[in-house]
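Notes to accompany the following structure.
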Amino acid sequence: MYDNELDIVEFERHIYDVFNLDVKAKAIIAERLPVSRVASATVFLTSQQLLFCYIDSVTKLTLGDVQKMVRHMGLRAQQYIAPSGDVDYFDKIAKNKFKHVFPGRRIVSKGDLEYYRTLAPYRPALVQISEVERGVIRQYDPTSVTNWRPGVKFSYRRLLTS
């Protein structure tokens with residue numbers, strides 16, 4: 001898919017159009033890794049040494065689906081990038097779903113919205129990764145006993161500094 005510079009530039013432009021995030025892909029670590037029967041993930045490193053995972057599917061995805069896929073891939077998420085750069089995207093949808101289920105109840109804390117955040121539509125998804133656990137990015141394999149097998153060996157850990 002990303003054989004030449006033109007494809008990478010198109011990929012970067014697509015990410016900017018959907019997420020309003022300007023990234024420069026330095027290296028594609030894993031391209032179109034299967035993460036479910038209908039979804040695939042592309043893991044890439046930016047010029048600022050940030051690791052991102054882009055997940056797309058032919059069917060609908062929610063934040064909960066993406067969280068589960070990222071966890072099964074052996075990645076630790078640092079941040080889920082909201083569509084159009086809207087910081088409150090997941091909270092807005094969670095509040096609407098909460099009010100639909102409990103019309104007369106007030107939202108007391110963020111904990112009340114935690115479950116409803118996972119129901120937010122999230123296709124395509126872009127996740128900033130803080131760590132690759134055990135140095136292996138796994139991929140979905142329906143013939144495996146655990147449904148996951150090693151896909152790409154890659155070590156990464158983002159150290160936060162002040």
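By order in the structure tokens, chains are A, B, ...; within a chain, residues start at 1; ligands start at 1, following the order shown.
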
Output as a Markdown table one row per residue of segment 94-150 of chain A within 12 Å of segment 70-87 of chain A: the closest atom pair and its distance in Å to one decimal place, counting only C-alpha atoms, sorted by chain and residue number ascending.
| residue | atom | partner | partner_atom | distance |
| --- | --- | --- | --- | --- |
| A:Arg117 | CA | A:Tyr80 | CA | 11.6 |
| A:Thr118 | CA | A:Tyr80 | CA | 11.4 |
| A:Ala120 | CA | A:Ala82 | CA | 10.3 |
| A:Pro121 | CA | A:Pro83 | CA | 9.9 |
| A:Tyr122 | CA | A:Pro83 | CA | 7.9 |
| A:Arg123 | CA | A:Pro83 | CA | 8.8 |
| A:Pro124 | CA | A:Pro83 | CA | 8.4 |
| A:Ala125 | CA | A:Ile81 | CA | 7.4 |
| A:Leu126 | CA | A:Ile81 | CA | 5.5 |
| A:Val127 | CA | A:Tyr80 | CA | 4.6 |
| A:Gln128 | CA | A:Gln79 | CA | 5.1 |
| A:Ile129 | CA | A:Ala77 | CA | 4.6 |
| A:Ser130 | CA | A:Gln78 | CA | 5.1 |
| A:Glu131 | CA | A:Arg76 | CA | 5.1 |
| A:Val132 | CA | A:Leu75 | CA | 4.7 |
| A:Glu133 | CA | A:Gly74 | CA | 5.3 |
| A:Arg134 | CA | A:Gly74 | CA | 7.6 |
| A:Gly135 | CA | A:Gly74 | CA | 8.5 |
| A:Val136 | CA | A:Gly74 | CA | 6.9 |
| A:Ile137 | CA | A:Met73 | CA | 5.5 |
| A:Arg138 | CA | A:Met73 | CA | 4.5 |
| A:Gln139 | CA | A:Met73 | CA | 6.1 |
| A:Tyr140 | CA | A:Met73 | CA | 8.0 |
| A:Asp141 | CA | A:Met73 | CA | 11.3 |
| A:Thr146 | CA | A:His72 | CA | 10.0 |
| A:Asn147 | CA | A:His72 | CA | 9.5 |
| A:Trp148 | CA | A:His72 | CA | 7.4 |
| A:Arg149 | CA | A:Met73 | CA | 8.9 |
| A:Pro150 | CA | A:Met73 | CA | 8.7 |

Alpha helix (DSSP H) positions in segment 11-146 of chain A, given as a ChimeraX atom specification: /A:11-19,63-72,89-101,110-117

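With only C-alpha atoms as the atoms that count, the residue of A:Ala39, A:Ile8, A:Ile93, A:Leu61 with the shortest distance to Ala25 of chain A is A:Ile8.
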
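Computed from the coordinates, the atom CA of Leu33 of chain A to atom CA of Leu160 of chain A distance equals 27.7 Å.
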
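For the set A:Arg37, A:Lys92, A:Lys24, A:Arg105, the residue with the smallest atom-to-atom gap to Gln49 of chain A is A:Lys24, counting only C-alpha atoms.
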
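The coordinates place atom CA of Asp65 of chain A at 28.3 Å from atom CA of Ser47 of chain A.
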
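For the residues A:Lys68, A:Leu63, A:Tyr54, A:Thr143, ranking by smallest atom-to-atom distance to His14 of chain A using only C-alpha atoms places A:Tyr54 first.
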
Nearby residues (only C-alpha atoms) at most 12 Å from Val23 of chain A, same-chain spacing under 6 positions excluded, as a tab-separated table (two decimals) with C-alpha atoms, in the first residue's frame:
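Done, and the output landed in around16.tsv:
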chain	number	residue	atom	x	y	z
A	8	ILE	CA	2.76	7.93	2.33
A	9	VAL	CA	1.89	11.56	1.56
A	10	GLU	CA	-1.65	10.49	0.66
A	11	PHE	CA	-1.87	8.55	3.94
A	12	GLU	CA	-0.68	11.62	5.90
A	13	ARG	CA	-3.21	13.82	4.09
A	14	HIS	CA	-6.00	11.34	4.91
A	15	ILE	CA	-5.05	11.46	8.60
A	16	TYR	CA	-5.07	15.26	8.50
A	17	ASP	CA	-8.49	15.33	6.79
A	44	PHE	CA	3.74	3.90	11.90
A	45	LEU	CA	6.45	6.02	13.46
A	46	THR	CA	6.49	9.78	12.95
A	47	SER	CA	9.46	12.07	12.50
A	48	GLN	CA	9.00	13.16	16.16
A	49	GLN	CA	9.49	9.50	17.21
A	50	LEU	CA	5.81	9.06	18.14
A	51	LEU	CA	4.18	5.72	17.43
A	52	PHE	CA	0.63	5.67	16.06
A	126	LEU	CA	-6.05	6.74	15.34
A	128	GLN	CA	-1.07	7.24	19.95

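Going from atom CA of Lys26 of chain A to atom CA of Ser155 of chain A covers 15.9 Å.
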
Filtered DSSP result for chain A, state strand (DSSP E or B), as number ranges by chain: A: 25-34, 39-46, 51-57, 62, 75-81, 121, 125-132, 136-140, 148-153, 157
